[in-house]
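Engineer: File name entry.cif; file contents mmCIF, C-alpha atoms and all ligand atoms; full text below.
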```
data_protein
loop_
_atom_site.group_PDB
_atom_site.id
_atom_site.type_symbol
_atom_site.label_atom_id
_atom_site.label_comp_id
_atom_site.auth_asym_id
_atom_site.auth_seq_id
_atom_site.Cartn_x
_atom_site.Cartn_y
_atom_site.Cartn_z
ATOM 1 C CA MET Z 1 -15.471 4.713 -41.664
ATOM 2 C CA ARG Z 2 -14.387 2.210 -39.094
ATOM 3 C CA SER Z 3 -10.714 2.687 -39.822
ATOM 4 C CA ILE Z 4 -10.970 6.457 -39.330
ATOM 5 C CA ARG Z 5 -12.618 5.976 -35.963
ATOM 6 C CA THR Z 6 -9.952 3.509 -34.944
ATOM 7 C CA ARG Z 7 -7.213 5.882 -36.001
ATOM 8 C CA LEU Z 8 -8.774 8.781 -34.092
ATOM 9 C CA LYS Z 9 -8.996 6.643 -31.013
ATOM 10 C CA ALA Z 10 -5.368 5.727 -31.347
ATOM 11 C CA THR Z 11 -4.192 9.345 -31.444
ATOM 12 C CA GLU Z 12 -6.242 10.465 -28.495
ATOM 13 C CA GLY Z 13 -5.162 10.534 -24.885
ATOM 14 C CA PHE Z 14 -1.432 10.457 -25.171
ATOM 15 C CA ALA Z 15 1.387 12.949 -25.605
ATOM 16 C CA SER Z 16 4.003 12.790 -28.311
ATOM 17 C CA ARG Z 17 6.906 13.749 -26.026
ATOM 18 C CA CYS Z 18 7.877 12.555 -22.549
ATOM 19 C CA ALA Z 19 6.504 14.703 -19.716
ATOM 20 C CA ILE Z 20 9.802 14.883 -17.831
ATOM 21 C CA PRO Z 21 11.264 18.392 -18.172
ATOM 22 C CA GLY Z 22 14.202 18.374 -20.555
ATOM 23 C CA CYS Z 23 13.459 14.951 -21.981
ATOM 24 C CA ARG Z 24 13.004 14.957 -25.747
ATOM 25 C CA ASN Z 25 12.153 11.287 -26.113
ATOM 26 C CA PRO Z 26 8.839 10.212 -27.595
ATOM 27 C CA THR Z 27 6.346 8.658 -25.196
ATOM 28 C CA MET Z 28 6.188 4.887 -25.372
ATOM 29 C CA ARG Z 29 2.719 5.212 -26.812
ATOM 30 C CA ALA Z 30 3.881 7.625 -29.519
ATOM 31 C CA ALA Z 31 6.823 5.404 -30.344
ATOM 32 C CA GLY Z 32 4.440 2.473 -30.598
ATOM 33 C CA ILE Z 33 6.403 0.424 -28.061
ATOM 34 C CA GLY Z 34 4.078 0.483 -25.086
ATOM 35 C CA LEU Z 35 1.031 1.857 -23.391
ATOM 36 C CA ALA Z 36 2.727 4.639 -21.414
ATOM 37 C CA ALA Z 37 0.943 7.741 -22.680
ATOM 38 C CA PHE Z 38 3.067 10.422 -21.049
ATOM 39 C CA HIS Z 39 6.540 9.038 -20.515
ATOM 40 C CA CYS Z 40 9.364 7.608 -22.577
ATOM 41 C CA ARG Z 41 10.806 4.149 -22.135
ATOM 42 C CA LYS Z 42 13.880 5.409 -20.265
ATOM 43 C CA HIS Z 43 11.802 7.205 -17.652
ATOM 44 C CA ILE Z 44 9.321 4.348 -17.289
ATOM 45 C CA GLU Z 45 12.179 1.960 -16.599
ATOM 46 C CA HIS Z 46 13.714 4.425 -14.157
ATOM 47 C CA LYS Z 47 10.441 4.544 -12.269
ATOM 48 C CA ALA Z 48 10.294 0.766 -12.020
ATOM 49 C CA ARG Z 49 13.740 0.720 -10.424
ATOM 50 C CA HIS Z 50 13.607 3.768 -8.185
ATOM 51 C CA GLY Z 51 9.941 4.498 -7.565
ATOM 52 C CA SER Z 52 10.089 7.816 -9.366
ATOM 53 C CA HIS Z 53 10.265 8.887 -13.005
ATOM 54 C CA TRP Z 54 13.354 10.972 -12.452
ATOM 55 C CA ASP Z 55 14.660 10.971 -8.898
ATOM 56 C CA GLY Z 56 17.503 8.551 -8.279
ATOM 57 C CA THR Z 57 17.964 6.241 -5.345
ATOM 58 C CA TYR Z 58 19.491 7.752 -2.240
ATOM 59 C CA SER Z 59 22.939 6.441 -1.513
ATOM 60 C CA ALA Z 60 23.930 4.833 1.772
ATOM 61 C CA ALA Z 61 26.019 7.942 2.534
ATOM 62 C CA GLU Z 62 23.063 10.256 2.063
ATOM 63 C CA LEU Z 63 20.950 8.143 4.354
ATOM 64 C CA LYS Z 64 23.639 7.794 7.009
ATOM 65 C CA PRO Z 65 23.009 10.852 9.225
ATOM 66 C CA TYR Z 66 19.289 10.130 9.215
ATOM 67 C CA LEU Z 67 19.870 6.495 10.041
ATOM 68 C CA ALA Z 68 22.224 7.374 12.871
ATOM 69 C CA ALA Z 69 19.699 9.833 14.293
ATOM 70 C CA ALA Z 70 16.822 7.356 13.955
ATOM 71 C CA THR Z 71 18.852 4.588 15.596
ATOM 72 C CA SER Z 72 19.817 6.753 18.580
ATOM 73 C CA TYR Z 73 16.284 7.991 18.860
ATOM 74 C CA LEU Z 74 14.795 4.495 18.892
ATOM 75 C CA ARG Z 75 17.214 2.793 21.270
ATOM 76 C CA PRO Z 76 16.078 4.303 24.594
ATOM 77 C CA ARG Z 77 12.422 4.065 23.544
ATOM 78 C CA ALA Z 78 12.277 0.482 22.244
ATOM 79 C CA GLU Z 79 10.925 -0.866 25.511
ATOM 80 C CA SER Z 80 8.945 2.083 26.789
ATOM 81 C CA ASP Z 81 7.114 3.440 23.755
ATOM 82 C CA ARG Z 82 4.097 1.374 22.838
ATOM 83 C CA PHE Z 83 4.088 2.390 19.161
ATOM 84 C CA ILE Z 84 7.729 1.477 18.706
ATOM 85 C CA LYS Z 85 7.272 -1.740 20.627
ATOM 86 C CA ALA Z 86 4.266 -2.717 18.509
ATOM 87 C CA ALA Z 87 6.171 -2.046 15.277
ATOM 88 C CA LEU Z 88 9.172 -4.087 16.455
ATOM 89 C CA ASN Z 89 6.958 -7.032 17.365
ATOM 90 C CA ALA Z 90 5.063 -6.883 14.085
ATOM 91 C CA ILE Z 91 8.280 -6.811 12.047
ATOM 92 C CA SER Z 92 9.771 -9.662 13.969
ATOM 93 C CA LEU Z 93 6.640 -11.686 13.163
ATOM 94 C CA LEU Z 94 6.817 -10.645 9.495
ATOM 95 C CA LEU Z 95 10.397 -11.942 9.340
ATOM 96 C CA GLU Z 96 9.550 -15.202 11.064
ATOM 97 C CA GLU Z 97 6.681 -15.818 8.701
ATOM 98 C CA ALA Z 98 8.753 -15.053 5.625
ATOM 99 C CA GLY Z 99 9.842 -18.702 5.494
ATOM 100 C CA PRO Z 100 12.992 -20.154 3.986
ATOM 101 C CA THR Z 101 15.487 -18.366 1.770
ATOM 102 C CA GLU Z 102 16.440 -19.401 -1.729
ATOM 103 C CA ILE Z 103 19.690 -18.741 -3.525
ATOM 104 C CA ALA Z 104 19.556 -15.787 -5.878
ATOM 105 C CA THR Z 105 20.039 -17.848 -8.999
ATOM 106 C CA ARG Z 106 16.876 -19.831 -8.330
ATOM 107 C CA LEU Z 107 14.561 -16.842 -8.140
ATOM 108 C CA ARG Z 108 13.846 -16.745 -11.829
ATOM 109 C CA GLY Z 109 10.204 -17.307 -12.622
ATOM 110 C CA MET Z 110 8.943 -16.902 -9.075
ATOM 111 C CA SER Z 111 6.068 -14.555 -8.348
ATOM 112 C CA PRO Z 112 6.940 -11.075 -7.006
ATOM 113 C CA ARG Z 113 5.109 -11.896 -3.790
ATOM 114 C CA ARG Z 114 7.221 -14.983 -3.212
ATOM 115 C CA ARG Z 115 10.412 -13.139 -4.086
ATOM 116 C CA ALA Z 116 9.518 -10.379 -1.638
ATOM 117 C CA ARG Z 117 9.089 -12.982 1.120
ATOM 118 C CA ILE Z 118 12.432 -14.496 0.223
ATOM 119 C CA ALA Z 119 14.048 -11.053 0.329
ATOM 120 C CA LEU Z 120 12.676 -10.607 3.842
ATOM 121 C CA ALA Z 121 13.807 -14.079 4.876
ATOM 122 C CA ARG Z 122 17.265 -13.237 3.573
ATOM 123 C CA LEU Z 123 17.399 -10.223 5.881
ATOM 124 C CA ARG Z 124 16.340 -12.393 8.822
ATOM 125 C CA VAL Z 125 19.037 -14.952 8.051
ATOM 126 C CA ALA Z 126 21.592 -12.135 7.740
ATOM 127 C CA GLY Z 127 20.709 -11.207 11.304
ATOM 128 C CA ILE Z 128 19.126 -7.840 10.514
ATOM 129 C CA LYS Z 129 17.095 -6.888 13.567
ATOM 130 C CA PRO Z 130 13.608 -5.328 13.582
ATOM 131 C CA GLU Z 131 15.163 -2.191 15.134
ATOM 132 C CA ARG Z 132 17.088 -1.706 11.907
ATOM 133 C CA PHE Z 133 13.907 -1.948 9.828
ATOM 134 C CA VAL Z 134 12.119 0.695 11.879
ATOM 135 C CA ALA Z 135 15.213 2.911 11.816
ATOM 136 C CA ILE Z 136 15.373 2.660 8.014
ATOM 137 C CA VAL Z 137 11.704 3.546 7.600
ATOM 138 C CA LEU Z 138 12.146 6.572 9.853
ATOM 139 C CA ALA Z 139 15.418 7.581 8.201
ATOM 140 C CA VAL Z 140 14.067 7.411 4.641
ATOM 141 C CA THR Z 141 10.916 9.285 5.630
ATOM 142 C CA ALA Z 142 13.000 11.960 7.369
ATOM 143 C CA LEU Z 143 15.379 12.272 4.413
ATOM 144 C CA ILE Z 144 12.520 12.706 1.955
ATOM 145 C CA GLU Z 145 10.970 15.243 4.320
ATOM 146 C CA GLU Z 146 14.139 17.343 4.342
ATOM 147 C CA ASP Z 147 15.061 16.916 0.700
ATOM 148 C CA PRO Z 148 13.822 19.926 -1.237
ATOM 149 C CA ASP Z 149 14.251 18.079 -4.509
ATOM 150 C CA SER Z 150 12.206 15.101 -3.614
ATOM 151 C CA HIS Z 151 8.604 15.026 -4.687
ATOM 152 C CA ARG Z 152 7.538 12.954 -1.721
ATOM 153 C CA THR Z 153 5.215 10.497 -3.340
ATOM 154 C CA LYS Z 154 4.223 7.467 -1.360
ATOM 155 C CA GLU Z 155 5.593 5.168 -4.005
ATOM 156 C CA PHE Z 156 9.013 6.806 -3.971
ATOM 157 C CA ARG Z 157 9.249 6.342 -0.217
ATOM 158 C CA THR Z 158 8.168 2.718 -0.464
ATOM 159 C CA VAL Z 159 10.815 1.879 -3.033
ATOM 160 C CA GLN Z 160 13.531 3.797 -1.189
ATOM 161 C CA ILE Z 161 12.780 1.911 2.024
ATOM 162 C CA ALA Z 162 12.891 -1.419 0.218
ATOM 163 C CA LYS Z 163 16.134 -0.556 -1.543
ATOM 164 C CA ALA Z 164 17.800 0.479 1.702
ATOM 165 C CA LEU Z 165 16.743 -2.851 3.228
ATOM 166 C CA HIS Z 166 17.652 -4.819 0.150
ATOM 167 C CA ARG Z 167 21.188 -3.408 0.247
ATOM 168 C CA LEU Z 168 21.738 -5.039 3.647
ATOM 169 C CA ALA Z 169 21.566 -8.578 2.338
ATOM 170 C CA SER Z 170 20.738 -9.178 -1.231
ATOM 171 C CA GLY Z 171 23.192 -11.420 -2.944
ATOM 172 C CA THR Z 172 24.378 -14.971 -2.937
ATOM 173 C CA HIS Z 173 28.136 -15.015 -2.681
ATOM 174 C CA LYS Z 174 30.308 -18.063 -3.112
ATOM 175 C CA ARG Z 175 34.027 -18.615 -3.221
ATOM 176 C CA TRP Z 176 35.810 -21.737 -4.322
ATOM 177 C CA PRO Z 177 39.511 -21.798 -3.435
ATOM 178 C CA PHE Z 178 41.755 -23.806 -5.759
ATOM 179 C CA VAL Z 179 45.420 -24.198 -6.610
ATOM 180 C CA ASP Z 180 46.362 -23.243 -10.163
ATOM 181 C CA ALA Z 181 48.792 -24.956 -12.527
ATOM 182 C CA TYR Z 182 51.707 -22.984 -11.007
ATOM 183 C CA GLY Z 183 50.836 -23.991 -7.469
ATOM 184 C CA ARG Z 184 49.393 -20.600 -6.588
ATOM 185 C CA LYS Z 185 46.379 -20.388 -4.364
ATOM 186 C CA ARG Z 186 43.487 -18.762 -6.143
ATOM 187 C CA GLN Z 187 39.760 -18.608 -5.879
ATOM 188 C CA THR Z 188 36.765 -18.499 -8.121
ATOM 189 C CA GLU Z 189 34.048 -16.157 -6.986
ATOM 190 C CA MET Z 190 30.431 -15.956 -7.865
ATOM 191 C CA HIS Z 191 28.221 -13.083 -6.867
ATOM 192 C CA ALA Z 192 24.590 -13.275 -7.817
ATOM 193 C CA PHE Z 193 22.194 -10.508 -6.956
ATOM 194 C CA PRO Z 194 18.496 -10.791 -7.447
ATOM 195 C CA ARG Z 195 17.269 -7.838 -9.452
ATOM 196 C CA SER Z 196 16.110 -5.250 -6.982
ATOM 197 C CA SER Z 197 13.385 -3.801 -9.067
ATOM 198 C CA GLY Z 198 9.715 -3.480 -9.716
ATOM 199 C CA GLN Z 199 7.047 -5.336 -7.863
ATOM 200 C CA VAL Z 200 9.340 -7.130 -5.435
ATOM 201 C CA LEU Z 201 10.571 -3.855 -3.964
ATOM 202 C CA ARG Z 202 7.087 -2.427 -3.742
ATOM 203 C CA ILE Z 203 5.608 -5.453 -1.988
ATOM 204 C CA MET Z 204 8.501 -5.640 0.438
ATOM 205 C CA GLY Z 205 8.528 -1.894 1.111
ATOM 206 C CA ARG Z 206 4.782 -1.727 1.673
ATOM 207 C CA ALA Z 207 4.825 -4.656 4.080
ATOM 208 C CA VAL Z 208 7.483 -3.018 6.230
ATOM 209 C CA GLU Z 209 6.342 0.591 6.137
ATOM 210 C CA GLY Z 210 2.740 -0.411 6.792
ATOM 211 C CA LEU Z 211 3.843 -1.728 10.186
ATOM 212 C CA CYS Z 212 5.582 1.549 11.013
ATOM 213 C CA GLU Z 213 2.853 4.067 10.229
ATOM 214 C CA TRP Z 214 2.184 4.871 13.874
ATOM 215 C CA VAL Z 215 5.845 5.228 14.663
ATOM 216 C CA ILE Z 216 6.206 7.705 11.803
ATOM 217 C CA GLU Z 217 3.111 9.566 12.902
ATOM 218 C CA LYS Z 218 4.336 9.890 16.470
ATOM 219 C CA HIS Z 219 8.092 10.099 16.128
ATOM 220 C CA LEU Z 220 9.146 11.594 12.799
ATOM 221 C CA PRO Z 221 9.353 15.121 14.282
ATOM 222 C CA GLY Z 222 11.563 13.800 17.096
ATOM 223 C CA VAL Z 223 13.921 12.054 14.656
ATOM 224 C CA LEU Z 224 14.140 15.147 12.467
ATOM 225 C CA ALA Z 225 14.912 17.304 15.495
ATOM 226 C CA LEU Z 226 17.667 14.959 16.656
ATOM 227 C CA LYS Z 227 19.189 14.782 13.187
ATOM 228 C CA LYS Z 228 19.120 18.576 12.941
ATOM 229 C CA LYS Z 229 20.725 18.969 16.340
ATOM 230 C CA ARG Z 230 23.539 16.619 15.435
ATOM 231 C CA TYR Z 231 24.190 17.267 11.784
ATOM 232 C CA GLY Z 232 22.384 20.503 10.941
ATOM 233 C CA GLN Z 233 19.593 20.857 8.475
ATOM 234 C CA GLN Z 234 21.811 20.364 5.482
ATOM 235 C CA PRO Z 235 19.955 18.043 3.180
ATOM 236 C CA ARG Z 236 21.813 15.567 1.058
ATOM 237 C CA CYS Z 237 24.620 17.001 -0.986
ATOM 238 C CA LEU Z 238 22.842 17.297 -4.248
ATOM 239 C CA VAL Z 239 24.609 15.900 -7.227
ATOM 240 C CA ALA Z 240 23.423 17.704 -10.355
ATOM 241 C CA ALA Z 241 21.640 14.628 -11.557
ATOM 242 C CA SER Z 242 21.361 11.721 -9.192
ATOM 243 C CA PRO Z 243 23.288 8.846 -10.666
ATOM 244 C CA VAL Z 244 21.216 5.845 -11.608
ATOM 245 C CA ARG Z 245 22.210 2.943 -9.442
HETATM 246 ZN ZN ZN V 1 11.703 10.697 -20.792
#
```
Represent the supplied structure as structure tokens.
Structural biologist:
Amino acid sequence: MRSIRTRLKATEGFASRCAIPGCRNPTMRAAGIGLAAFHCRKHIEHKARHGSHWDGTYSAAELKPYLAAATSYLRPRAESDRFIKAALNAISLLLEEAGPTEIATRLRGMSPRRRARIALARLRVAGIKPERFVAIVLAVTALIEEDPDSHRTKEFRTVQIAKALHRLASGTHKRWPFVDAYGRKRQTEMHAFPRSSGQVLRIMGRAVEGLCEWVIEKHLPGVLALKKKRYGQQPRCLVAASPVR
């Protein structure tokens, strides 16, 4: 009796196949490898990295016209507009309070919250200005707004903002020059990148975008208009399937 009830319970509330159109994989639940009831492992992992089950991360090139428009839009208003000014001050405080940085190889085992702070501190040390943060938030929001393929969820925007920031300064890079056995000058290089995925991106993205809500509210239409004037309304050149980066 009990075993039947347990079995019934186990087959309720989940799909056998992944909900993403065209995906034939079993859901993680159906495959017995996880609790995801409606998506396969591949699409769950994709969501952790990009903030969406299927949409890929925008490339720097796709973001570029939006970033250029946002930057030009912000520059003459940084001192005069109180919403922009407030966001710039808040971000500069966020960066100051982020504390010291840590080399990428030492991040293992740290909490996502701590890693997000370190990621922010890394941007501060790299000299990334608050203006750049606000420009990125506006640019990503504008790009999503104009992208007919994007499904515009809050989470997707958050992760895209964090990834665009993370790209600016994410790795620890070291070079050790040496002279080899034949007297040639050579160098050993080490490049370590903290994994830009999951919770760290979400915490970092939320912290930054939360400080820009008013700027988005007041100025997104202006940024979109400027971008359109300069580059037309052409959204990103759509690659059949966005490559996973
Ligand atoms: Zn799938």
Engineer: Using the chain letters and numbers from the file, give me the residues hit by the PyMOL selection byres (((chain Z and resi 220) around 9) and not hetatm), as a short mmCIF file (atom, residue, chain, number, x, y, z; two decimals) with C-alpha atoms, in the coordinates of the input.
Structural biologist:
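Below is the file that was written, result10.cif:
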```cif
data_model
loop_
_atom_site.label_atom_id
_atom_site.label_comp_id
_atom_site.auth_asym_id
_atom_site.auth_seq_id
_atom_site.Cartn_x
_atom_site.Cartn_y
_atom_site.Cartn_z
CA ALA Z 70 16.82 7.36 13.96
CA LEU Z 138 12.15 6.57 9.85
CA ALA Z 139 15.42 7.58 8.20
CA THR Z 141 10.92 9.28 5.63
CA ALA Z 142 13.00 11.96 7.37
CA VAL Z 215 5.84 5.23 14.66
CA ILE Z 216 6.21 7.70 11.80
CA GLU Z 217 3.11 9.57 12.90
CA LYS Z 218 4.34 9.89 16.47
CA HIS Z 219 8.09 10.10 16.13
CA PRO Z 221 9.35 15.12 14.28
CA GLY Z 222 11.56 13.80 17.10
CA VAL Z 223 13.92 12.05 14.66
CA LEU Z 224 14.14 15.15 12.47
CA ALA Z 225 14.91 17.30 15.50
#
```
Engineer: Interatomic distance between CA of Thr101 in chain Z and CA of Gly198 in chain Z?
Structural biologist: 19.7 Å
Engineer: Find, counting only C-alpha atoms and all ligand atoms, the residue in Z:Arg77, Z:Arg230, Z:His39, Z:Arg117 that gets nearest to ligand ZN 1 (chain V).
Structural biologist: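 Among the listed residues, the smallest separation from ligand ZN 1 (chain V) belongs to Z:His39.
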Engineer: Could you report the residues within 6 Å of ligand ZN 1 (chain V), using all atoms listed in the file, as a VMD selection string?
Structural biologist: chain Z and resid 18 20 23 25 39 to 40 42 to 43
Engineer: Using only C-alpha atoms, which of Z:Gln233, Z:Gln160, Z:Ser111, Z:Thr71 sits nearest Val200 in chain Z?
Structural biologist: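 Among Z:Gln233, Z:Gln160, Z:Ser111, Z:Thr71, it is Z:Ser111 that comes nearest to Val200 in chain Z.
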Engineer: Take the PyMOL selection byres (((chain Z and resi 49) around 12) and not hetatm), apply it to the structure above, and return the hits as a ChimeraX atom specification.
Structural biologist: /Z:42-48,50-57,155-156,158-160,162-163,195-202,244-245
Engineer: When you count all atoms listed in the file, which of these residues is closest to Ile136 in chain Z: Z:Pro21, Z:Gly13, Z:Gly183, Z:Gly205?
Structural biologist: Z:Gly205
Engineer: Under the rule that only C-alpha atoms are counted, which of Z:Ala169, Z:Ala164, Z:Ala116, Z:Arg108 is the nearest residue to Val140 in chain Z?
Structural biologist: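 Closest to Val140 in chain Z, using only C-alpha atoms: Z:Ala164.
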Engineer: Using CA of Val125 in chain Z and CA of Lys154 in chain Z as the two end points, give the distance in Å to one decimal.
Structural biologist: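 These atoms are spaced 28.5 Å apart.
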Engineer: Reconstruct N, CA and C atoms of range 140-155 of chain Z; output as a PDB file, in the frame of the given file.
Structural biologist:
```pdb
ATOM      1  N   VAL Z 140      14.467   7.078   6.021  1.00  0.00           N
ATOM      2  CA  VAL Z 140      14.067   7.411   4.641  1.00  0.00           C
ATOM      3  C   VAL Z 140      12.971   8.474   4.654  1.00  0.00           C
ATOM      4  N   THR Z 141      12.003   8.309   5.553  1.00  0.00           N
ATOM      5  CA  THR Z 141      10.916   9.285   5.630  1.00  0.00           C
ATOM      6  C   THR Z 141      11.466  10.671   6.009  1.00  0.00           C
ATOM      7  N   ALA Z 142      12.399  10.696   6.947  1.00  0.00           N
ATOM      8  CA  ALA Z 142      13.000  11.960   7.369  1.00  0.00           C
ATOM      9  C   ALA Z 142      13.814  12.588   6.242  1.00  0.00           C
ATOM     10  N   LEU Z 143      14.563  11.763   5.527  1.00  0.00           N
ATOM     11  CA  LEU Z 143      15.379  12.272   4.413  1.00  0.00           C
ATOM     12  C   LEU Z 143      14.494  12.877   3.333  1.00  0.00           C
ATOM     13  N   ILE Z 144      13.432  12.186   2.976  1.00  0.00           N
ATOM     14  CA  ILE Z 144      12.520  12.706   1.955  1.00  0.00           C
ATOM     15  C   ILE Z 144      11.897  14.022   2.437  1.00  0.00           C
ATOM     16  N   GLU Z 145      11.569  14.056   3.729  1.00  0.00           N
ATOM     17  CA  GLU Z 145      10.970  15.243   4.320  1.00  0.00           C
ATOM     18  C   GLU Z 145      11.897  16.456   4.208  1.00  0.00           C
ATOM     19  N   GLU Z 146      13.184  16.229   4.359  1.00  0.00           N
ATOM     20  CA  GLU Z 146      14.139  17.343   4.342  1.00  0.00           C
ATOM     21  C   GLU Z 146      14.726  17.619   2.964  1.00  0.00           C
ATOM     22  N   ASP Z 147      14.461  16.763   2.015  1.00  0.00           N
ATOM     23  CA  ASP Z 147      15.061  16.916   0.700  1.00  0.00           C
ATOM     24  C   ASP Z 147      14.180  17.803  -0.177  1.00  0.00           C
ATOM     25  N   PRO Z 148      14.668  19.004  -0.472  1.00  0.00           N
ATOM     26  CA  PRO Z 148      13.822  19.926  -1.237  1.00  0.00           C
ATOM     27  C   PRO Z 148      13.571  19.444  -2.669  1.00  0.00           C
ATOM     28  N   ASP Z 149      14.404  18.551  -3.138  1.00  0.00           N
ATOM     29  CA  ASP Z 149      14.251  18.079  -4.509  1.00  0.00           C
ATOM     30  C   ASP Z 149      13.329  16.885  -4.650  1.00  0.00           C
ATOM     31  N   SER Z 150      12.997  16.308  -3.527  1.00  0.00           N
ATOM     32  CA  SER Z 150      12.206  15.101  -3.614  1.00  0.00           C
ATOM     33  C   SER Z 150      10.732  15.466  -3.745  1.00  0.00           C
ATOM     34  N   HIS Z 151      10.011  14.679  -4.475  1.00  0.00           N
ATOM     35  CA  HIS Z 151       8.604  15.026  -4.687  1.00  0.00           C
ATOM     36  C   HIS Z 151       7.681  14.270  -3.754  1.00  0.00           C
ATOM     37  N   ARG Z 152       8.294  13.498  -2.843  1.00  0.00           N
ATOM     38  CA  ARG Z 152       7.538  12.954  -1.721  1.00  0.00           C
ATOM     39  C   ARG Z 152       6.298  12.143  -2.062  1.00  0.00           C
ATOM     40  N   THR Z 153       6.367  11.354  -3.088  1.00  0.00           N
ATOM     41  CA  THR Z 153       5.215  10.497  -3.340  1.00  0.00           C
ATOM     42  C   THR Z 153       5.363   9.271  -2.467  1.00  0.00           C
ATOM     43  N   LYS Z 154       4.249   8.665  -2.184  1.00  0.00           N
ATOM     44  CA  LYS Z 154       4.223   7.467  -1.360  1.00  0.00           C
ATOM     45  C   LYS Z 154       5.054   6.358  -2.004  1.00  0.00           C
ATOM     46  N   GLU Z 155       4.902   6.246  -3.308  1.00  0.00           N
ATOM     47  CA  GLU Z 155       5.593   5.168  -4.005  1.00  0.00           C
ATOM     48  C   GLU Z 155       7.108   5.326  -3.939  1.00  0.00           C
TER      49      GLU Z 155
END
```
